[in-house]
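Colleague: The structure file my_file18.cif (mmCIF, C-alpha atoms and all ligand atoms) is provided below.
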data_query
loop_
_atom_site.label_atom_id
_atom_site.label_comp_id
_atom_site.auth_asym_id
_atom_site.auth_seq_id
_atom_site.Cartn_x
_atom_site.Cartn_y
_atom_site.Cartn_z
CA MET A 1330 -10.60 21.45 7.49
CA SER A 1331 -11.91 17.94 6.77
CA LYS A 1332 -11.18 15.29 9.36
CA ILE A 1333 -9.96 11.97 7.97
CA LEU A 1334 -9.73 8.74 9.91
CA VAL A 1335 -6.68 6.79 8.71
CA THR A 1336 -6.67 3.13 9.71
CA GLY A 1337 -3.28 1.42 9.70
CA ALA A 1338 -1.73 4.88 9.84
CA CYS A 1339 1.39 3.66 11.65
CA GLY A 1340 2.30 1.36 8.76
CA TYR A 1341 4.51 2.02 5.77
CA ILE A 1342 2.10 3.60 3.28
CA GLY A 1343 -0.16 4.86 6.09
CA SER A 1344 2.53 6.96 7.75
CA HIS A 1345 3.64 8.53 4.46
CA THR A 1346 0.00 9.31 3.69
CA LEU A 1347 -0.46 11.01 7.08
CA VAL A 1348 2.40 13.36 6.17
CA ASP A 1349 0.96 14.12 2.74
CA LEU A 1350 -2.55 14.73 4.10
CA ILE A 1351 -1.25 17.05 6.82
CA GLU A 1352 0.86 18.96 4.27
CA ASN A 1353 -2.34 19.40 2.26
CA ASN A 1354 -4.21 20.82 5.25
CA PHE A 1355 -6.31 17.84 6.25
CA GLU A 1356 -6.92 17.01 9.89
CA VAL A 1357 -6.09 13.38 10.58
CA ILE A 1358 -6.72 10.85 13.31
CA SER A 1359 -5.08 7.44 13.39
CA LEU A 1360 -6.57 4.07 14.24
CA ASP A 1361 -3.92 1.36 14.46
CA ASP A 1362 -3.71 -1.56 16.88
CA ASN A 1363 0.09 -1.52 16.46
CA SER A 1364 0.13 -5.31 16.26
CA ARG A 1365 2.52 -5.00 13.31
CA SER A 1366 3.71 -1.43 13.67
CA SER A 1367 4.77 1.01 16.33
CA ASP A 1368 3.12 4.28 17.25
CA ASN A 1369 6.65 5.74 17.57
CA VAL A 1370 6.23 6.53 13.88
CA LEU A 1371 3.82 9.28 14.94
CA ASP A 1372 6.73 11.05 16.66
CA ALA A 1373 8.54 11.05 13.33
CA VAL A 1374 5.40 12.35 11.60
CA LYS A 1375 5.38 15.14 14.18
CA ASP A 1376 9.05 15.90 13.47
CA ILE A 1377 8.27 16.22 9.75
CA THR A 1378 4.96 18.09 9.93
CA GLY A 1379 4.87 19.71 13.38
CA VAL A 1380 1.50 18.02 13.98
CA ASN A 1381 0.76 15.61 16.80
CA VAL A 1382 -1.52 12.86 15.44
CA LYS A 1383 -3.73 11.05 17.94
CA ASN A 1384 -3.73 7.25 17.64
CA TYR A 1385 -6.59 5.05 18.81
CA GLN A 1386 -4.88 1.75 19.56
CA ILE A 1387 -7.83 -0.40 18.59
CA ASN A 1388 -8.31 -3.56 16.56
CA LEU A 1389 -10.92 -3.01 13.86
CA CYS A 1390 -12.30 -6.50 14.41
CA ASP A 1391 -13.57 -5.18 17.77
CA PHE A 1392 -16.75 -3.47 16.63
CA GLU A 1393 -17.68 -1.75 19.92
CA LYS A 1394 -14.24 -0.23 20.44
CA THR A 1395 -14.11 0.91 16.82
CA LYS A 1396 -17.56 2.46 17.20
CA SER A 1397 -16.31 4.46 20.19
CA VAL A 1398 -13.92 6.31 17.82
CA PHE A 1399 -16.90 7.44 15.74
CA ASP A 1400 -18.89 8.38 18.85
CA GLU A 1401 -15.98 10.56 19.90
CA ASN A 1402 -15.47 12.00 16.38
CA PRO A 1403 -18.91 12.42 14.79
CA ASP A 1404 -17.38 14.90 12.33
CA ILE A 1405 -15.25 12.34 10.43
CA SER A 1406 -15.65 13.26 6.76
CA GLY A 1407 -13.81 10.31 5.32
CA ILE A 1408 -11.84 7.17 5.94
CA ILE A 1409 -8.66 5.89 4.35
CA HIS A 1410 -8.50 2.22 5.19
CA PHE A 1411 -4.97 0.77 5.15
CA ALA A 1412 -5.18 -1.57 8.14
CA ALA A 1413 -4.72 -5.17 6.99
CA PHE A 1414 -2.32 -8.08 7.10
CA LYS A 1415 -0.16 -8.05 3.96
CA THR A 1416 2.47 -10.79 4.03
CA VAL A 1417 1.80 -13.05 1.05
CA PRO A 1418 3.60 -16.24 2.23
CA GLU A 1419 2.00 -15.93 5.67
CA SER A 1420 -1.42 -15.70 4.04
CA VAL A 1421 -0.73 -18.97 2.19
CA GLU A 1422 0.07 -20.67 5.51
CA LYS A 1423 -2.75 -19.04 7.47
CA PRO A 1424 -5.58 -18.23 5.06
CA LEU A 1425 -8.30 -18.07 7.73
CA LEU A 1426 -6.29 -15.55 9.76
CA TYR A 1427 -6.12 -13.36 6.66
CA TYR A 1428 -9.77 -13.71 5.69
CA ARG A 1429 -10.93 -13.12 9.25
CA ASN A 1430 -8.70 -10.12 9.88
CA ASN A 1431 -8.87 -8.34 6.53
CA LEU A 1432 -12.56 -8.90 5.84
CA ASN A 1433 -14.09 -8.59 9.33
CA SER A 1434 -12.27 -5.30 9.83
CA LEU A 1435 -13.60 -3.98 6.51
CA ILE A 1436 -17.17 -5.08 7.24
CA ASN A 1437 -17.10 -3.50 10.72
CA LEU A 1438 -15.85 -0.27 9.26
CA LEU A 1439 -18.54 -0.22 6.58
CA GLU A 1440 -21.24 -0.82 9.21
CA LEU A 1441 -19.97 2.33 10.90
CA VAL A 1442 -19.76 4.24 7.61
CA GLN A 1443 -23.45 3.48 7.23
CA GLU A 1444 -24.41 4.26 10.82
CA PHE A 1445 -22.50 7.54 10.94
CA ASP A 1446 -23.13 8.49 7.31
CA VAL A 1447 -19.45 8.97 6.45
CA PRO A 1448 -19.39 10.35 2.90
CA ASN A 1449 -15.97 9.31 1.55
CA PHE A 1450 -14.04 6.06 1.73
CA ILE A 1451 -10.70 5.06 0.20
CA PHE A 1452 -9.63 1.43 0.23
CA SER A 1453 -6.08 0.05 -0.01
CA SER A 1454 -6.23 -2.58 -2.67
CA SER A 1455 -3.42 -4.20 -4.55
CA CYS A 1456 -2.30 -5.18 -8.03
CA SER A 1457 -2.38 -8.73 -6.68
CA VAL A 1458 -6.11 -8.71 -7.55
CA TYR A 1459 -5.02 -9.10 -11.20
CA GLY A 1460 -3.46 -12.54 -10.60
CA ASP A 1461 -1.20 -13.87 -13.34
CA VAL A 1462 -2.09 -11.61 -16.25
CA LYS A 1463 -1.09 -12.03 -19.86
CA ASP A 1464 -1.82 -8.58 -21.35
CA LEU A 1465 0.43 -5.77 -20.14
CA PRO A 1466 0.25 -3.12 -18.93
CA VAL A 1467 -2.86 -3.85 -16.87
CA THR A 1468 -5.70 -1.34 -16.94
CA GLU A 1469 -8.54 -1.13 -14.46
CA LYS A 1470 -10.64 -2.95 -17.06
CA THR A 1471 -8.30 -5.96 -17.22
CA ARG A 1472 -10.33 -9.05 -16.36
CA LEU A 1473 -9.50 -10.34 -12.90
CA VAL A 1474 -8.48 -13.97 -12.75
CA ARG A 1475 -7.84 -16.07 -9.67
CA THR A 1476 -5.38 -14.36 -7.32
CA ALA A 1477 -2.12 -16.12 -6.48
CA SER A 1478 -2.57 -15.91 -2.68
CA PRO A 1479 -5.20 -15.62 0.05
CA TYR A 1480 -3.82 -12.12 0.75
CA GLY A 1481 -4.61 -11.08 -2.83
CA ASN A 1482 -8.02 -12.64 -2.54
CA THR A 1483 -8.82 -10.65 0.61
CA LYS A 1484 -8.24 -7.54 -1.53
CA LYS A 1485 -10.30 -8.86 -4.41
CA VAL A 1486 -13.20 -9.87 -2.15
CA GLY A 1487 -12.80 -6.56 -0.29
CA GLU A 1488 -13.31 -4.71 -3.58
CA GLU A 1489 -16.43 -6.80 -4.31
CA ILE A 1490 -17.85 -6.03 -0.87
CA LEU A 1491 -17.24 -2.33 -1.48
CA GLU A 1492 -18.82 -2.39 -4.91
CA ASP A 1493 -21.97 -4.02 -3.49
CA PHE A 1494 -21.99 -1.68 -0.49
CA ALA A 1495 -21.64 1.38 -2.74
CA LYS A 1496 -24.95 0.48 -4.41
CA ILE A 1497 -26.89 0.94 -1.17
CA SER A 1498 -24.75 3.64 0.42
CA ASN A 1499 -24.96 7.43 0.14
CA GLY A 1500 -21.19 7.69 0.24
CA LYS A 1501 -18.47 7.47 -2.40
CA ILE A 1502 -15.77 4.84 -2.52
CA ILE A 1503 -12.46 4.58 -4.39
CA ALA A 1504 -10.32 1.44 -4.32
CA LEU A 1505 -6.64 2.09 -5.07
CA ARG A 1506 -4.70 -0.82 -6.52
CA TYR A 1507 -1.09 -0.32 -5.45
CA PHE A 1508 1.78 -1.75 -7.42
CA ASN A 1509 5.13 -2.21 -5.58
CA PRO A 1510 5.77 0.60 -3.08
CA ILE A 1511 9.44 1.20 -2.26
CA GLY A 1512 11.63 4.06 -1.01
CA ALA A 1513 11.21 6.24 2.03
CA HIS A 1514 10.36 9.82 2.95
CA PRO A 1515 13.19 12.13 1.81
CA SER A 1516 13.64 13.34 5.41
CA GLY A 1517 14.87 9.83 6.30
CA LEU A 1518 12.56 9.89 9.33
CA ILE A 1519 9.95 7.38 8.16
CA GLY A 1520 10.26 4.31 5.94
CA GLU A 1521 9.43 0.65 5.77
CA SER A 1522 9.84 -1.24 9.07
CA PRO A 1523 8.99 -4.87 8.36
CA PHE A 1524 7.57 -6.45 11.53
CA SER A 1525 9.36 -9.72 10.74
CA THR A 1526 12.07 -10.86 8.30
CA PRO A 1527 11.44 -8.95 5.06
CA GLN A 1528 10.26 -10.96 2.06
CA ASN A 1529 10.13 -8.05 -0.42
CA LEU A 1530 12.94 -7.25 -2.79
CA MET A 1531 13.74 -3.64 -1.77
CA PRO A 1532 14.36 -4.18 1.96
CA ILE A 1533 16.29 -7.34 1.07
CA ILE A 1534 18.52 -5.27 -1.22
CA THR A 1535 19.21 -2.63 1.43
CA GLU A 1536 19.75 -5.25 4.16
CA THR A 1537 22.27 -7.00 1.91
CA ALA A 1538 24.08 -3.76 1.16
CA ILE A 1539 24.33 -2.82 4.83
CA GLY A 1540 25.56 -6.29 5.80
CA LYS A 1541 22.53 -7.59 7.72
CA ARG A 1542 22.59 -10.41 5.14
CA SER A 1543 25.73 -11.84 3.59
CA LYS A 1544 24.03 -12.26 0.20
CA MET A 1545 20.70 -12.11 -1.54
CA MET A 1546 19.00 -14.36 -4.07
CA VAL A 1547 17.48 -13.51 -7.41
CA PHE A 1548 14.51 -15.84 -7.68
CA GLY A 1549 14.74 -17.15 -11.22
CA ASP A 1550 16.65 -15.99 -14.31
CA ASP A 1551 14.83 -18.22 -16.79
CA TYR A 1552 11.51 -16.39 -17.08
CA PRO A 1553 10.39 -15.28 -20.53
CA THR A 1554 11.39 -11.62 -19.87
CA ARG A 1555 14.16 -9.40 -21.32
CA ASP A 1556 16.79 -10.66 -18.84
CA GLY A 1557 15.05 -13.75 -17.42
CA SER A 1558 14.00 -12.19 -14.07
CA CYS A 1559 10.49 -11.10 -13.03
CA ILE A 1560 9.10 -7.67 -13.84
CA ARG A 1561 7.32 -5.39 -11.34
CA ASP A 1562 6.15 -1.79 -11.27
CA TYR A 1563 8.11 -0.09 -8.47
CA ILE A 1564 6.72 3.23 -7.25
CA HIS A 1565 7.90 5.63 -4.56
CA VAL A 1566 5.81 5.37 -1.40
CA SER A 1567 5.40 9.17 -1.23
CA ASP A 1568 3.95 9.18 -4.75
CA ILE A 1569 1.46 6.54 -3.61
CA ALA A 1570 0.73 8.61 -0.50
CA HIS A 1571 -0.02 11.69 -2.59
CA ALA A 1572 -2.47 9.72 -4.74
CA HIS A 1573 -4.60 9.28 -1.59
CA THR A 1574 -4.70 13.02 -0.96
CA LEU A 1575 -5.72 13.61 -4.57
CA ALA A 1576 -8.34 10.85 -4.45
CA PHE A 1577 -9.78 12.34 -1.29
CA LYS A 1578 -9.92 15.83 -2.78
CA TYR A 1579 -11.55 14.39 -5.88
CA LEU A 1580 -14.31 12.79 -3.81
CA GLU A 1581 -14.86 15.96 -1.80
CA GLU A 1582 -14.93 18.26 -4.82
CA ASN A 1583 -16.94 16.10 -7.24
CA LYS A 1584 -20.40 15.66 -5.91
CA LYS A 1585 -21.22 13.78 -9.11
CA ALA A 1586 -18.36 11.28 -8.73
CA GLU A 1587 -19.27 7.64 -9.28
CA ASN A 1588 -20.32 5.80 -6.11
CA TYR A 1589 -17.55 3.29 -6.68
CA ASP A 1590 -14.37 3.51 -8.68
CA VAL A 1591 -11.03 1.72 -9.01
CA LEU A 1592 -7.62 3.22 -9.85
CA ASN A 1593 -4.22 1.70 -10.53
CA ILE A 1594 -1.44 3.38 -8.54
CA GLY A 1595 1.73 2.48 -10.38
CA SER A 1596 4.61 4.26 -12.09
CA GLY A 1597 3.67 2.73 -15.43
CA ASN A 1598 7.18 1.25 -15.83
CA GLY A 1599 8.20 -2.34 -15.40
CA SER A 1600 11.65 -3.17 -13.99
CA THR A 1601 13.26 -6.59 -13.77
CA VAL A 1602 14.98 -7.81 -10.61
CA PHE A 1603 18.39 -7.38 -12.27
CA GLU A 1604 17.47 -3.84 -13.35
CA LEU A 1605 16.51 -2.97 -9.79
CA ILE A 1606 19.81 -4.35 -8.49
CA ASN A 1607 21.68 -2.27 -11.09
CA ALA A 1608 19.67 0.84 -10.25
CA PHE A 1609 20.54 0.39 -6.59
CA GLU A 1610 24.24 -0.12 -7.29
CA ASN A 1611 24.34 2.93 -9.58
CA ALA A 1612 22.40 5.19 -7.19
CA THR A 1613 24.33 4.30 -4.06
CA GLY A 1614 27.74 3.05 -5.22
CA GLN A 1615 27.15 -0.09 -3.11
CA LYS A 1616 27.98 -3.48 -4.63
CA LEU A 1617 25.41 -6.18 -3.95
CA ASN A 1618 26.38 -9.78 -3.32
CA TYR A 1619 23.71 -11.81 -5.08
CA GLU A 1620 23.20 -15.27 -6.54
CA VAL A 1621 20.61 -16.68 -8.86
CA ALA A 1622 18.31 -19.18 -7.14
CA ASP A 1623 15.26 -21.21 -8.19
CA ARG A 1624 12.02 -19.46 -9.02
CA ARG A 1625 9.95 -18.51 -5.95
CA PRO A 1626 6.65 -20.41 -5.93
CA GLY A 1627 3.62 -18.24 -6.66
CA ASP A 1628 5.54 -15.39 -8.34
CA THR A 1629 3.79 -13.60 -11.18
CA ILE A 1630 6.15 -13.37 -14.17
CA ALA A 1631 5.49 -9.75 -15.07
CA ILE A 1632 3.07 -7.02 -14.11
CA TYR A 1633 3.06 -3.25 -14.48
CA ALA A 1634 0.39 -0.60 -14.55
CA ASN A 1635 -1.33 1.47 -17.12
CA ASN A 1636 -1.75 4.60 -14.98
CA ASP A 1637 -3.61 6.78 -17.51
CA LYS A 1638 -6.76 6.86 -15.37
CA LEU A 1639 -4.82 7.96 -12.29
CA LYS A 1640 -3.19 10.75 -14.28
CA SER A 1641 -6.27 11.98 -16.10
CA LYS A 1642 -8.78 11.63 -13.27
CA LEU A 1643 -6.70 12.85 -10.34
CA GLY A 1644 -4.05 14.90 -12.14
CA TRP A 1645 -1.39 12.73 -10.47
CA THR A 1646 2.19 12.82 -11.72
CA PRO A 1647 5.08 10.95 -10.12
CA LYS A 1648 7.62 13.12 -8.33
CA TYR A 1649 10.26 10.48 -7.67
CA SER A 1650 12.45 8.57 -10.16
CA LEU A 1651 13.79 5.04 -9.74
CA ASP A 1652 17.09 6.64 -8.69
CA ASP A 1653 15.27 8.60 -5.93
CA MET A 1654 13.55 5.40 -4.80
CA MET A 1655 16.94 3.71 -4.39
CA LYS A 1656 18.59 6.65 -2.63
CA THR A 1657 15.76 7.22 -0.16
CA ALA A 1658 15.49 3.48 0.61
CA TRP A 1659 19.24 3.38 1.26
CA ASN A 1660 19.15 6.49 3.48
CA TRP A 1661 16.37 4.91 5.50
CA GLU A 1662 18.29 1.63 5.93
CA LYS A 1663 21.38 3.55 7.08
CA SER A 1664 19.32 5.54 9.58
CA GLN A 1665 18.17 2.29 11.21
CA LEU A 1666 21.69 1.30 12.37
N1 LIG B 1 12.74 -11.24 -5.38
C1 LIG B 1 14.02 -11.78 -5.51
N2 LIG B 1 14.75 -11.97 -4.39
C2 LIG B 1 14.27 -11.68 -3.14
C3 LIG B 1 12.97 -11.14 -3.02
C4 LIG B 1 12.24 -10.93 -4.17
O1 LIG B 1 14.49 -12.06 -6.61
O2 LIG B 1 14.98 -11.92 -2.15
C5 LIG B 1 11.96 -11.02 -6.60
C6 LIG B 1 10.63 -11.73 -6.59
O3 LIG B 1 10.79 -13.06 -7.07
C7 LIG B 1 9.82 -10.87 -7.53
C8 LIG B 1 10.37 -9.45 -7.30
O4 LIG B 1 11.65 -9.65 -6.67
O5 LIG B 1 10.08 -11.21 -8.85
C9 LIG B 1 9.51 -8.60 -6.38
O6 LIG B 1 9.24 -9.34 -5.22
P1 LIG B 1 8.46 -8.69 -4.00
O7 LIG B 1 8.27 -9.79 -2.98
O8 LIG B 1 9.17 -7.46 -3.55
O9 LIG B 1 7.08 -8.22 -4.62
P2 LIG B 1 5.84 -9.07 -5.22
O10 LIG B 1 6.39 -10.33 -5.81
O11 LIG B 1 4.91 -9.32 -4.08
O12 LIG B 1 5.27 -8.18 -6.27
#
What is this structure when it is put down as structure tokens?
Modeller:
Amino acid sequence: MSKILVTGACGYIGSHTLVDLIENNFEVISLDDNSRSSDNVLDAVKDITGVNVKNYQINLCDFEKTKSVFDENPDISGIIHFAAFKTVPESVEKPLLYYRNNLNSLINLLELVQEFDVPNFIFSSSCSVYGDVKDLPVTEKTRLVRTASPYGNTKKVGEEILEDFAKISNGKIIALRYFNPIGAHPSGLIGESPFSTPQNLMPIITETAIGKRSKMMVFGDDYPTRDGSCIRDYIHVSDIAHAHTLAFKYLEENKKAENYDVLNIGSGNGSTVFELINAFENATGQKLNYEVADRRPGDTIAIYANNDKLKSKLGWTPKYSLDDMMKTAWNWEKSQL
């Protein structure tokens, strides 16, 4: 049984990935400083899987403490690195906080990958590395232009660091570029718990439906899209989680895998904001109180993934429909009352 160190395992995608890895017979340990999450989520992971996951409550920017995890677990066969700050508007206000946190933590971890000869490494990247693209859907070969936010740039620079590191390392690295994760585990026991007021569309929809907000805004209906609102590629968080398990198996089973590779993790479908609102109303029977507001500064007009590489290389297929995404997100919101 391979032992995987999951950083940021108490977060949204991290916790769903723990479940998927455990269900696929991996041994997991968690490293999460819980500055923006709670280790209570590990109780829910135990309820779902029956497995008690140990968390090291350590900040990755603290090299010596992080090293102690490797001293204690010299048999780590791979790392899935989720831990990072991810709030786009906050990164615009505090760029140095984002560069310091997201890049120092990555560099520390790679120093330890080298020192302890860890063979496999999976990095949480983001479709925000593509910036404002013109040609859709985006493939992994789409030329990267300037990212819209410091957050996106920490992911882009992170990928560059990994690509350079892979040239001198014995290990294998895959960067996964996530599109827009939504939904929650079908058990209703884990989901997205924003550490501050949510800025993303899905939790804003469910908070509006449950009455935590009196109304929500659609940011712009005058974009050059089919209904004037922005297009994104929404994908169920458990489908993203499973892509990590498959990527890890791929690295373990393919000794001839490239040292460094990049994969889009998206559904391949673009939905507008109005389409998402309709999908939610249809799936749940809840009516949403919304108004059209001005465009939100920094928003990309439209982006969605070409996921051919993910499907052909890892054999990934999505399990959850847009309807499932809405229903599971709504169940999760209701369970938080
Ligand atoms: N959006 C919106 N109202 C909100 C929050 C988001 O209309 O209250 C829109 C936003 O302008 C974008 C889409 O929903 O077009 C997805 O936004 P989100 O922040 O979830 O993802 P990102 O823009 O980072 O891909």
Colleague: Please determine, counting all atoms listed in the file, which residue among A:Ile1358, A:Leu1347, A:Leu1465, A:Ala1338 has the shortest atom-to-atom distance to Ile1632 of chain A.
Modeller: A:Leu1465
Colleague: Atom CA of Phe1392 of chain A and atom CA of Asn1437 of chain A, how far apart in Å?
Modeller: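 Rounded to one decimal, the two atoms are 5.9 Å apart.
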Colleague: Using all atoms listed in the file, determine which residues lie at most 12 Å from Pro1510 of chain A, disregarding the query and same-chain residues fewer than 4 positions distant; provide the list as a PyMOL selection string.
Modeller: chain A and resi 1341-1343+1345+1455-1456+1506+1514+1520-1521+1529-1532+1561-1570+1594-1596+1649+1651+1654-1655+1658
Colleague: As a quick test: using all atoms listed in the file, which residues lie no more than 10 Å away from ligand LIG 1 (chain B)? Give them as a PyMOL selection string.
Modeller: chain A and resi 1415-1418+1455-1457+1481+1508-1511+1527-1534+1537+1544-1550+1552+1558-1563+1600-1603+1605-1606+1619-1633
Colleague: Do you have the atom CA of Phe1452 of chain A-atom CA of Lys1642 of chain A distance handy?
Modeller: 16.9 Å
Colleague: My list of candidates is A:Asp1653, A:Gly1540, A:Thr1471, A:Phe1414. Which is closest to Asn1611 of chain A when distances are computed with all atoms listed in the file?
Modeller: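 That would be A:Asp1653, the residue with the smallest distance to Asn1611 of chain A.
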Colleague: Using only C-alpha atoms for the distances, tell me which of A:Glu1587, A:Lys1663, A:Ile1490, A:Ser1454 is nearest to Ile1436 of chain A.
Modeller: A:Ile1490
Colleague: If you count only C-alpha atoms, which residues fall within 9 Å of Ile1409 of chain A, apart from same-chain ones fewer than 4 positions away, as a PDB file with C-alpha atoms, in the frame of the given file?
Modeller:
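The resulting result31.pdb:
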ATOM      1  CA  ILE A1333      -9.960  11.970   7.970  1.00  0.00           C
ATOM      2  CA  LEU A1334      -9.730   8.740   9.910  1.00  0.00           C
ATOM      3  CA  VAL A1335      -6.680   6.790   8.710  1.00  0.00           C
ATOM      4  CA  THR A1336      -6.670   3.130   9.710  1.00  0.00           C
ATOM      5  CA  GLY A1337      -3.280   1.420   9.700  1.00  0.00           C
ATOM      6  CA  ALA A1338      -1.730   4.880   9.840  1.00  0.00           C
ATOM      7  CA  GLY A1343      -0.160   4.860   6.090  1.00  0.00           C
ATOM      8  CA  ASN A1449     -15.970   9.310   1.550  1.00  0.00           C
ATOM      9  CA  PHE A1450     -14.040   6.060   1.730  1.00  0.00           C
ATOM     10  CA  ILE A1451     -10.700   5.060   0.200  1.00  0.00           C
ATOM     11  CA  PHE A1452      -9.630   1.430   0.230  1.00  0.00           C
ATOM     12  CA  SER A1453      -6.080   0.050  -0.010  1.00  0.00           C
ATOM     13  CA  HIS A1573      -4.600   9.280  -1.590  1.00  0.00           C
ATOM     14  CA  PHE A1577      -9.780  12.340  -1.290  1.00  0.00           C
TER      15      PHE A1577
END
Colleague: Restricting the calculation to all atoms listed in the file, which member of A:Ser1364, A:Val1398, A:Asn1660, A:Pro1466 is positioned closest to Glu1536 of chain A?
Modeller: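 Between A:Ser1364, A:Val1398, A:Asn1660, A:Pro1466, the residue approaching Glu1536 of chain A most closely is A:Asn1660.
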Colleague: So how many Å separate atom CA of Glu1489 of chain A and atom CA of Tyr1589 of chain A, to one decimal?
Modeller: 10.4 Å
Colleague: Between A:Leu1360, A:Phe1399, A:Ile1351, A:Trp1659, which has the minimum distance to Gly1379 of chain A (counting all atoms listed in the file)?
Modeller: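 Of A:Leu1360, A:Phe1399, A:Ile1351, A:Trp1659, the one nearest Gly1379 of chain A, counting all atoms listed in the file, is A:Ile1351.
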Colleague: Identify which of the residues A:Gly1512, A:Ser1420, A:Phe1494, A:Val1467 lies closest to Gly1599 of chain A, counting all atoms listed in the file when measuring atom-to-atom distances.
Modeller: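 Checking each candidate against Gly1599 of chain A, we get A:Val1467 as the closest.
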Colleague: List the spatial neighbours of Glu1422 of chain A as a list in words - criterion: any atom at most 12 Å away, only C-alpha atoms, same-chain residues fewer than 6 positions off excluded.
Modeller: Thr1416, Ser1478, Pro1479 and Tyr1480 of chain A
Colleague: Select, counting all atoms listed in the file, all protein, DNA and RNA residues no farther than 12 Å from (-3.7, 15.3, -11.0) in file coordinates, and express the selection as a compact mmCIF listing (two decimals) with C-alpha atoms, in the frame of the given file.
Modeller:
# COMPACT_ATOMS: atom_id res chain seq x y z
CA ASP A 1568 3.95 9.18 -4.75
CA HIS A 1571 -0.02 11.69 -2.59
CA ALA A 1572 -2.47 9.72 -4.74
CA HIS A 1573 -4.60 9.28 -1.59
CA THR A 1574 -4.70 13.02 -0.96
CA LEU A 1575 -5.72 13.61 -4.57
CA ALA A 1576 -8.34 10.85 -4.45
CA PHE A 1577 -9.78 12.34 -1.29
CA LYS A 1578 -9.92 15.83 -2.78
CA TYR A 1579 -11.55 14.39 -5.88
CA ASN A 1636 -1.75 4.60 -14.98
CA ASP A 1637 -3.61 6.78 -17.51
CA LYS A 1638 -6.76 6.86 -15.37
CA LEU A 1639 -4.82 7.96 -12.29
CA LYS A 1640 -3.19 10.75 -14.28
CA SER A 1641 -6.27 11.98 -16.10
CA LYS A 1642 -8.78 11.63 -13.27
CA LEU A 1643 -6.70 12.85 -10.34
CA GLY A 1644 -4.05 14.90 -12.14
CA TRP A 1645 -1.39 12.73 -10.47
CA THR A 1646 2.19 12.82 -11.72
CA PRO A 1647 5.08 10.95 -10.12
CA LYS A 1648 7.62 13.12 -8.33
Colleague: Neighbouring residues of Val1357 of chain A were defined as those with any atom within 12 Å, considering all atoms listed in the file; residues of the same chain fewer than 4 positions away were excluded. Please report them as an MDAnalysis selection string.
Modeller: chainID A and resid 1330:1336 1338 1343:1344 1346:1353 1371 1374 1380:1385 1402 1404:1409 1574
